[in-house]
Amino acid sequence: MNIQHNVSLKPYNTFGIDVVAKHFVTISTLEDLKAVLELKDYPEKLILGGGSNILLTKDVNALVILSRLKGISITSKTDDTVLVKANAGENWHEFVLWTLSHDFGGLENMSLIPGNVGTSPIQNIGAYGIELKDHFESCEAINIETKTLTTFNKEECEFGYRNSIFKQHEKGKYIITSVTFKLTTKNHILHTNYGAITAELDAKGITNPTIQEVSNAVIAIRQSKLPDPKKIGNSGSFFKNPVVDKSVYLQVLKQFPDLPSYPVSETEVKIPAGWLIEKAGFKGKRLGNYGVHQNQALVLVNYGGATGCEILKLSSVIQQTIQRIFNITIESEVNIL
Ligand code: FAD
Ligand code: EPU
């Protein structure tokens with residue numbers, strides 16, 4: 001194993017923030033990961049996947065462990081379902097394409113989400129009406145303290161909207177090493193009602209889509225809205241969509257009759273934070289090297305050379321303004337380090 005020192009993390013985070021990791025190691029086997037966790041010289045450790053959900057605001061003193069554990073295997077099959085285990089360092093989108101190439105259904109709506117498979121349970125990634133939890137069977141994770149490997153089933157992960165135990169009471173305690181998914185091998189259940197998927201398929205004259213065609217539609221929609229991190233630094237949605245009590249929603253609705261919302265439960269609704277941010281006048285706003293994306297107000301961007309602190313400061317101004325105008329609290333989705 002090759003431990004490097006004073007390594008720039010710019011190529012390892014999609015915001016493209018240039019901070020330095022004091023110590024840095026890439027792991028590609030479970031044995032290497034266990035050996036790294038035993039190292040006494042580096043008490044602080046930070047696991048990094050694709051770096052697509054972090055904002056780095058300062059140099060990192062910890063040993064940064066870059067997860068590149070590879071491997072995909074079919075672990076069991078029934079008549080119409082299959083369990084597929086993917087190691088944590090697999091790229092999420094490449095893994096989705098692998099499932100589609102085998103005609104395994106379930107993950108197509110989550111095409112083109114950046115990052116690693118191993119990070120997908122942390123915030124229960126989701127897009128276009130499907131969340132990770134809908135096809136999650138279990139994951140394996142190493143406890144950083146005890147170095148024991150534990151399996152977590154779906155209930156134990158306590159998945160919620162952009163949430164799991166790994167963001168709550170088990171935060172920072174485990175490194176996920178693999179995730180097992182339950183997928184369909186026939187009679188795939190398609191979810192095409194969400195967002196512009198149907199319109200995209202209609203435009204192509206597709207009436208009876210395959211899972212590959214749904215994936216292509218999702219990819220096209222995402223490419224039209226979200227900035228490509230290879231061209232403009234970003235971490236996707238910077239904030240979560242706030243889930244508020246219906247009474248709060250009705251109060252705001254009085255003043256803003258065009259306020260959109262989605263039902264969550266009998267008593268709660270979800271409000272698109274992108275709408276609130278746009279209404280507050282931030283959409284497309286640029287402050288030097290950074291700003292708010294012109295096509296998606298929920299995405300903060302680094303045009304090149306911005307610092308994490310500058311982007312964090314902008315995010316605080318947005319949060320305060322939304323609170324002041326709408327009396328609604330928006331929380332960051334991105335992990336701020
Ligand atoms: P990283 O940024 O590397 O890590 C995120 C956090 O998880 C860090 O705190 C890190 O320490 C921890 N971590 C990383 N790996 C592990 C591990 N193996 N075990 C334990 N902890 C770990 N998200 C969605 O849900 N839906 C979307 O539609 C979506 N669209 C996006 C679009 C763009 C353009 C971008 C840039 C991001 C988008 N995201 C979306 C956010 C992001 O892709 C996901 O959160 C993704 O799961 C992050 O994976 P990562 O490997 O890059 O995580
Ligand atoms: N909207 C605006 N202005 C904007 C952006 C959005 O008014 O600039 C409003 C519109 O009313 C629009 C609604 O917000 O109809 C929803 O917008 P969109 O479909 O783009 O989705 P989103 O709520 O902004 C969420 C996820 C995305 C995910 C998409 C598609 C969160 C925080 N974000 O975005 O996930 O890809 O839905 O399912 O839930 C991410 O987590 O990083 C991410 C990109």
# chains A, B, ... in the order shown; residues from 1 in each chain; ligands from 1
call {"tool": "select_by_dssp", "arguments": {"residues": "range 121-331 of chain A", "states": "helix (DSSP H, G or I)", "output": "PyMOL selection string"}}
result
chain A and resi 132-135+154-157+197-203+211-225+246-255+273-279+308-326
call {"tool": "residues_around", "arguments": {"residues": "Gly304 in chain A", "least_positions_apart": "4", "cutoff": "9 Å", "atoms": "only C-alpha atoms", "output": "PyMOL selection string"}}
result
chain A and resi 15-17+232-233+289-290
call {"tool": "write_last_selection", "arguments": {"atoms": "N, CA and C atoms", "output": "PDB file, in the first residue's frame"}}
result
ATOM      1  N   PHE A  15     -16.744  19.269  -7.038  1.00  0.00           N
ATOM      2  CA  PHE A  15     -16.782  20.731  -6.939  1.00  0.00           C
ATOM      3  C   PHE A  15     -15.469  21.322  -7.470  1.00  0.00           C
ATOM      4  N   GLY A  16     -14.426  20.462  -7.532  1.00  0.00           N
ATOM      5  CA  GLY A  16     -13.119  20.923  -8.022  1.00  0.00           C
ATOM      6  C   GLY A  16     -12.436  21.878  -7.067  1.00  0.00           C
ATOM      7  N   ILE A  17     -12.645  21.660  -5.764  1.00  0.00           N
ATOM      8  CA  ILE A  17     -12.030  22.534  -4.758  1.00  0.00           C
ATOM      9  C   ILE A  17     -10.603  22.039  -4.484  1.00  0.00           C
ATOM     10  N   ILE A 232     -18.210  22.104 -15.224  1.00  0.00           N
ATOM     11  CA  ILE A 232     -18.427  23.115 -14.171  1.00  0.00           C
ATOM     12  C   ILE A 232     -18.528  22.388 -12.834  1.00  0.00           C
ATOM     13  N   GLY A 233     -17.674  22.776 -11.888  1.00  0.00           N
ATOM     14  CA  GLY A 233     -17.668  22.112 -10.582  1.00  0.00           C
ATOM     15  C   GLY A 233     -19.005  22.240  -9.870  1.00  0.00           C
ATOM     16  N   ASN A 289     -16.017  33.617  -9.183  1.00  0.00           N
ATOM     17  CA  ASN A 289     -15.765  32.244  -9.646  1.00  0.00           C
ATOM     18  C   ASN A 289     -16.849  31.243  -9.279  1.00  0.00           C
ATOM     19  N   TYR A 290     -17.899  31.680  -8.613  1.00  0.00           N
ATOM     20  CA  TYR A 290     -18.883  30.715  -8.130  1.00  0.00           C
ATOM     21  C   TYR A 290     -20.276  31.338  -8.196  1.00  0.00           C
TER      22      TYR A 290
END
call {"tool": "select_by_dssp", "arguments": {"residues": "range 27-189 of chain A", "states": "strand (DSSP E or B)", "output": "mmCIF file with C-alpha atoms, in the first residue's frame"}}
result
data_model
loop_
_atom_site.group_PDB
_atom_site.id
_atom_site.type_symbol
_atom_site.label_atom_id
_atom_site.label_comp_id
_atom_site.auth_asym_id
_atom_site.auth_seq_id
_atom_site.Cartn_x
_atom_site.Cartn_y
_atom_site.Cartn_z
ATOM 1 C CA ILE A 27 -7.460 0.914 -1.523
ATOM 2 C CA LYS A 45 -9.497 8.617 8.671
ATOM 3 C CA LEU A 46 -11.758 9.977 5.950
ATOM 4 C CA ILE A 47 -13.271 7.653 3.367
ATOM 5 C CA LEU A 48 -13.822 9.144 -0.061
ATOM 6 C CA ILE A 54 -18.843 16.899 -0.476
ATOM 7 C CA LEU A 55 -17.785 20.514 -0.065
ATOM 8 C CA VAL A 60 -7.735 17.592 5.456
ATOM 9 C CA ASN A 61 -5.480 16.415 8.279
ATOM 10 C CA ALA A 62 -6.888 12.889 8.296
ATOM 11 C CA LEU A 63 -5.686 9.977 6.183
ATOM 12 C CA VAL A 64 -7.945 10.115 3.130
ATOM 13 C CA ILE A 65 -8.862 6.589 1.993
ATOM 14 C CA LEU A 66 -9.975 6.502 -1.641
ATOM 15 C CA SER A 67 -12.349 3.561 -2.085
ATOM 16 C CA ILE A 72 -19.750 -7.260 -9.380
ATOM 17 C CA SER A 73 -21.302 -10.707 -8.870
ATOM 18 C CA ILE A 74 -24.705 -12.392 -9.044
ATOM 19 C CA THR A 75 -25.250 -13.994 -5.651
ATOM 20 C CA SER A 76 -28.636 -15.665 -6.168
ATOM 21 C CA LYS A 77 -31.493 -16.018 -8.647
ATOM 22 C CA THR A 81 -35.502 -11.712 -9.569
ATOM 23 C CA VAL A 82 -31.774 -11.636 -9.023
ATOM 24 C CA LEU A 83 -29.487 -10.495 -6.214
ATOM 25 C CA VAL A 84 -26.455 -8.594 -7.454
ATOM 26 C CA LYS A 85 -23.583 -7.648 -5.171
ATOM 27 C CA ALA A 86 -21.361 -4.731 -6.172
ATOM 28 C CA ASN A 87 -18.244 -3.694 -4.329
ATOM 29 C CA ASN A 91 -18.792 3.698 -10.209
ATOM 30 C CA GLY A 105 -34.530 -3.965 -14.022
ATOM 31 C CA ASN A 116 -19.646 5.208 -6.018
ATOM 32 C CA GLY A 126 -32.795 8.888 -5.488
ATOM 33 C CA ALA A 127 -34.034 10.315 -8.759
ATOM 34 C CA ILE A 130 -37.094 5.828 -7.348
ATOM 35 C CA GLU A 131 -34.832 5.621 -4.318
ATOM 36 C CA PHE A 136 -31.684 -2.423 -1.738
ATOM 37 C CA GLU A 137 -31.231 -5.869 -0.202
ATOM 38 C CA SER A 138 -28.293 -5.331 2.186
ATOM 39 C CA CYS A 139 -24.851 -3.816 2.550
ATOM 40 C CA GLU A 140 -21.634 -4.845 4.231
ATOM 41 C CA ALA A 141 -19.616 -2.351 6.231
ATOM 42 C CA ILE A 142 -16.478 -2.367 8.343
ATOM 43 C CA ASN A 143 -16.664 -0.780 11.752
ATOM 44 C CA LEU A 149 -17.494 -6.616 9.042
ATOM 45 C CA THR A 150 -21.253 -6.261 9.624
ATOM 46 C CA THR A 151 -24.204 -6.827 7.281
ATOM 47 C CA PHE A 152 -27.072 -4.293 7.408
ATOM 48 C CA ASN A 153 -30.476 -5.178 5.983
ATOM 49 C CA GLY A 160 -35.576 8.095 4.533
ATOM 50 C CA ASN A 163 -31.205 9.881 4.855
ATOM 51 C CA TYR A 174 -18.559 2.508 9.245
ATOM 52 C CA ILE A 175 -16.995 2.126 5.838
ATOM 53 C CA ILE A 176 -19.397 0.438 3.442
ATOM 54 C CA THR A 177 -17.566 -2.217 1.406
ATOM 55 C CA SER A 178 -20.342 -3.684 -0.772
ATOM 56 C CA VAL A 179 -24.037 -3.288 -1.565
ATOM 57 C CA THR A 180 -26.442 -6.034 -2.696
ATOM 58 C CA PHE A 181 -29.421 -5.120 -4.889
ATOM 59 C CA LYS A 182 -32.619 -7.002 -5.661
ATOM 60 C CA LEU A 183 -33.479 -6.558 -9.349
ATOM 61 C CA THR A 184 -36.015 -8.007 -11.764
#
call {"tool": "residues_near_ligand", "arguments": {"ligand": "ligand 1", "cutoff": "7 Å", "atoms": "only C-alpha atoms and all ligand atoms", "output": "ChimeraX atom specification"}}
result
/A:13-14,46-54,67,88,110,113-120,122-127,162,172,174-177,226-229,234-237,335
call {"tool": "write_last_selection", "arguments": {"atoms": "N, CA and C atoms", "output": "compact mmCIF listing (two decimals), in the first residue's frame"}}
result
# COMPACT_ATOMS: atom_id res chain seq x y z
N ASN A 13 -12.78 15.63 -6.07
CA ASN A 13 -14.11 16.13 -5.65
C ASN A 13 -14.72 16.87 -6.83
N THR A 14 -16.01 16.63 -7.09
CA THR A 14 -16.65 17.16 -8.30
C THR A 14 -16.87 18.67 -8.23
N LEU A 46 -10.61 9.47 6.71
CA LEU A 46 -11.76 9.98 5.95
C LEU A 46 -11.90 9.14 4.69
N ILE A 47 -13.04 8.47 4.56
CA ILE A 47 -13.27 7.65 3.37
C ILE A 47 -13.87 8.53 2.27
N LEU A 48 -13.35 8.36 1.07
CA LEU A 48 -13.82 9.14 -0.06
C LEU A 48 -14.20 8.20 -1.20
N GLY A 49 -15.38 8.48 -1.81
CA GLY A 49 -15.79 7.69 -2.98
C GLY A 49 -15.51 8.50 -4.24
N GLY A 50 -16.59 8.93 -4.90
CA GLY A 50 -16.42 9.74 -6.12
C GLY A 50 -16.29 11.22 -5.82
N GLY A 51 -16.41 11.61 -4.54
CA GLY A 51 -16.27 13.03 -4.18
C GLY A 51 -17.38 13.91 -4.76
N SER A 52 -18.56 13.32 -5.00
CA SER A 52 -19.62 14.09 -5.66
C SER A 52 -20.70 14.59 -4.70
N ASN A 53 -20.46 14.41 -3.40
CA ASN A 53 -21.43 14.94 -2.44
C ASN A 53 -20.73 15.58 -1.25
N ILE A 54 -19.60 16.25 -1.54
CA ILE A 54 -18.84 16.90 -0.48
C ILE A 54 -18.46 18.32 -0.88
N SER A 67 -11.77 4.91 -1.94
CA SER A 67 -12.35 3.56 -2.09
C SER A 67 -12.41 3.16 -3.56
N ALA A 88 -17.89 -1.61 -3.18
CA ALA A 88 -18.12 -0.17 -2.91
C ALA A 88 -17.46 0.76 -3.90
N MET A 110 -32.30 5.74 -11.95
CA MET A 110 -31.20 6.37 -11.22
C MET A 110 -29.92 6.40 -12.06
N ILE A 113 -26.38 9.15 -12.00
CA ILE A 113 -26.04 9.78 -10.71
C ILE A 113 -24.54 9.54 -10.50
N PRO A 114 -23.78 10.61 -10.21
CA PRO A 114 -22.34 10.40 -10.01
C PRO A 114 -22.05 9.66 -8.70
N GLY A 115 -20.79 9.29 -8.52
CA GLY A 115 -20.38 8.69 -7.24
C GLY A 115 -20.21 7.19 -7.31
N ASN A 116 -19.95 6.63 -6.14
CA ASN A 116 -19.65 5.21 -6.02
C ASN A 116 -20.85 4.41 -5.52
N VAL A 117 -20.86 3.14 -5.82
CA VAL A 117 -21.89 2.24 -5.29
C VAL A 117 -21.87 2.25 -3.75
N GLY A 118 -20.69 2.26 -3.17
CA GLY A 118 -20.57 2.17 -1.70
C GLY A 118 -21.15 3.36 -0.97
N THR A 119 -21.28 4.49 -1.66
CA THR A 119 -21.83 5.69 -1.02
C THR A 119 -23.35 5.75 -1.19
N SER A 120 -23.88 4.96 -2.11
CA SER A 120 -25.31 5.10 -2.45
C SER A 120 -26.25 4.92 -1.26
N ILE A 122 -25.65 5.84 1.83
CA ILE A 122 -25.43 6.87 2.87
C ILE A 122 -26.61 7.85 2.89
N GLN A 123 -26.93 8.41 1.70
CA GLN A 123 -28.06 9.35 1.69
C GLN A 123 -29.25 8.74 0.94
N ASN A 124 -29.23 7.39 0.73
CA ASN A 124 -30.35 6.75 0.03
C ASN A 124 -30.63 7.51 -1.27
N ILE A 125 -29.65 7.44 -2.17
CA ILE A 125 -29.75 8.25 -3.40
C ILE A 125 -31.08 8.01 -4.10
N GLY A 126 -31.51 9.02 -4.82
CA GLY A 126 -32.79 8.89 -5.49
C GLY A 126 -32.90 9.82 -6.67
N ALA A 127 -33.74 9.44 -7.62
CA ALA A 127 -34.03 10.31 -8.76
C ALA A 127 -35.22 9.76 -9.52
N ARG A 162 -33.20 11.15 1.43
CA ARG A 162 -31.79 11.57 1.53
C ARG A 162 -31.24 11.32 2.94
N GLY A 172 -19.97 8.27 10.35
CA GLY A 172 -18.52 8.21 10.53
C GLY A 172 -18.00 6.96 11.21
N TYR A 174 -18.72 3.67 10.14
CA TYR A 174 -18.56 2.51 9.24
C TYR A 174 -18.03 2.92 7.88
N ILE A 175 -17.34 1.98 7.26
CA ILE A 175 -16.99 2.13 5.84
C ILE A 175 -17.74 1.02 5.10
N ILE A 176 -18.62 1.42 4.21
CA ILE A 176 -19.40 0.44 3.44
C ILE A 176 -18.47 -0.19 2.39
N THR A 177 -18.48 -1.52 2.33
CA THR A 177 -17.57 -2.22 1.41
C THR A 177 -18.29 -2.86 0.22
N LEU A 226 -28.76 19.43 -15.49
CA LEU A 226 -27.70 19.47 -14.49
C LEU A 226 -26.33 19.72 -15.14
N PRO A 227 -25.51 20.56 -14.51
CA PRO A 227 -24.19 20.82 -15.09
C PRO A 227 -23.29 19.59 -14.96
N ASP A 228 -22.51 19.34 -16.00
CA ASP A 228 -21.56 18.22 -15.98
C ASP A 228 -20.35 18.64 -15.14
N PRO A 229 -20.10 17.91 -14.03
CA PRO A 229 -18.99 18.31 -13.15
C PRO A 229 -17.64 18.36 -13.86
N ASN A 234 -19.51 21.13 -9.33
CA ASN A 234 -20.75 21.16 -8.54
C ASN A 234 -20.92 19.84 -7.82
N SER A 235 -21.88 19.80 -6.90
CA SER A 235 -22.17 18.57 -6.15
C SER A 235 -23.64 18.19 -6.29
N GLY A 236 -24.24 18.49 -7.42
CA GLY A 236 -25.67 18.21 -7.58
C GLY A 236 -26.48 19.16 -6.71
N SER A 237 -27.63 18.70 -6.23
CA SER A 237 -28.46 19.56 -5.35
C SER A 237 -27.66 19.90 -4.10
N ASN A 335 -22.29 17.06 2.04
CA ASN A 335 -21.52 16.90 3.28
C ASN A 335 -20.43 17.96 3.31
call {"tool": "residues_around", "arguments": {"residues": "range 245-259 of chain A", "least_positions_apart": "2", "cutoff": "12 Å", "atoms": "only C-alpha atoms", "output": "PyMOL selection string"}}
result
chain A and resi 242-243+261-280+322-329
call {"tool": "atom_distance", "arguments": {"atom1": "CA of Val96 in chain A", "atom2": "CA of Leu112 in chain A"}}
result
8.3 Å
call {"tool": "residues_around", "arguments": {"residues": "Arg286 in chain A", "least_positions_apart": "4", "cutoff": "10 Å", "atoms": "only C-alpha atoms", "output": "number ranges by chain"}}
result
A: 282, 290-294, 300-303
call {"tool": "write_last_selection", "arguments": {"atoms": "N, CA and C atoms", "output": "mmCIF file, in the first residue's frame"}}
result
data_model
loop_
_atom_site.group_PDB
_atom_site.id
_atom_site.type_symbol
_atom_site.label_atom_id
_atom_site.label_comp_id
_atom_site.auth_asym_id
_atom_site.auth_seq_id
_atom_site.Cartn_x
_atom_site.Cartn_y
_atom_site.Cartn_z
ATOM 1 N N PHE A 282 -32.019 34.107 -6.749
ATOM 2 C CA PHE A 282 -30.627 33.639 -6.818
ATOM 3 C C PHE A 282 -30.289 32.873 -8.102
ATOM 4 N N TYR A 290 -17.899 31.680 -8.613
ATOM 5 C CA TYR A 290 -18.883 30.715 -8.130
ATOM 6 C C TYR A 290 -20.276 31.338 -8.196
ATOM 7 N N GLY A 291 -21.282 30.495 -8.028
ATOM 8 C CA GLY A 291 -22.635 31.034 -8.092
ATOM 9 C C GLY A 291 -23.696 29.956 -8.072
ATOM 10 N N VAL A 292 -24.874 30.327 -8.559
ATOM 11 C CA VAL A 292 -26.040 29.434 -8.587
ATOM 12 C C VAL A 292 -26.303 29.100 -10.050
ATOM 13 N N HIS A 293 -26.481 27.826 -10.355
ATOM 14 C CA HIS A 293 -26.583 27.411 -11.763
ATOM 15 C C HIS A 293 -27.780 28.052 -12.461
ATOM 16 N N GLN A 294 -27.591 28.370 -13.740
ATOM 17 C CA GLN A 294 -28.647 29.086 -14.477
ATOM 18 C C GLN A 294 -29.848 28.207 -14.828
ATOM 19 N N LEU A 300 -25.295 24.699 -6.670
ATOM 20 C CA LEU A 300 -24.273 25.746 -6.571
ATOM 21 C C LEU A 300 -23.073 25.303 -7.394
ATOM 22 N N VAL A 301 -22.426 26.255 -8.033
ATOM 23 C CA VAL A 301 -21.362 25.874 -8.967
ATOM 24 C C VAL A 301 -20.053 26.626 -8.704
ATOM 25 N N ASN A 302 -18.962 25.951 -9.065
ATOM 26 C CA ASN A 302 -17.622 26.537 -9.030
ATOM 27 C C ASN A 302 -17.160 26.658 -10.477
ATOM 28 N N TYR A 303 -17.070 27.923 -10.943
ATOM 29 C CA TYR A 303 -16.652 28.114 -12.339
ATOM 30 C C TYR A 303 -15.153 27.885 -12.508
#
call {"tool": "atom_distance", "arguments": {"atom1": "atom 6 (C, counted along the ligand's line) of ligand 2", "atom2": "CA of Ile311 in chain A"}}
result
19.5 Å
call {"tool": "atom_distance", "arguments": {"atom1": "CA of Asn241 in chain A", "atom2": "CA of Val299 in chain A"}}
result
12.1 Å
call {"tool": "closest_residue", "arguments": {"among": "A:Glu200, A:Asp18, A:Glu90, A:Asp134", "to": "Glu155 in chain A", "atoms": "only C-alpha atoms"}}
result
A:Asp134
call {"tool": "closest_residue", "arguments": {"among": "A:Gly308, A:Pro11, A:Pro260, A:Pro209", "to": "ligand 2", "atoms": "only C-alpha atoms and all ligand atoms"}}
result
A:Pro260
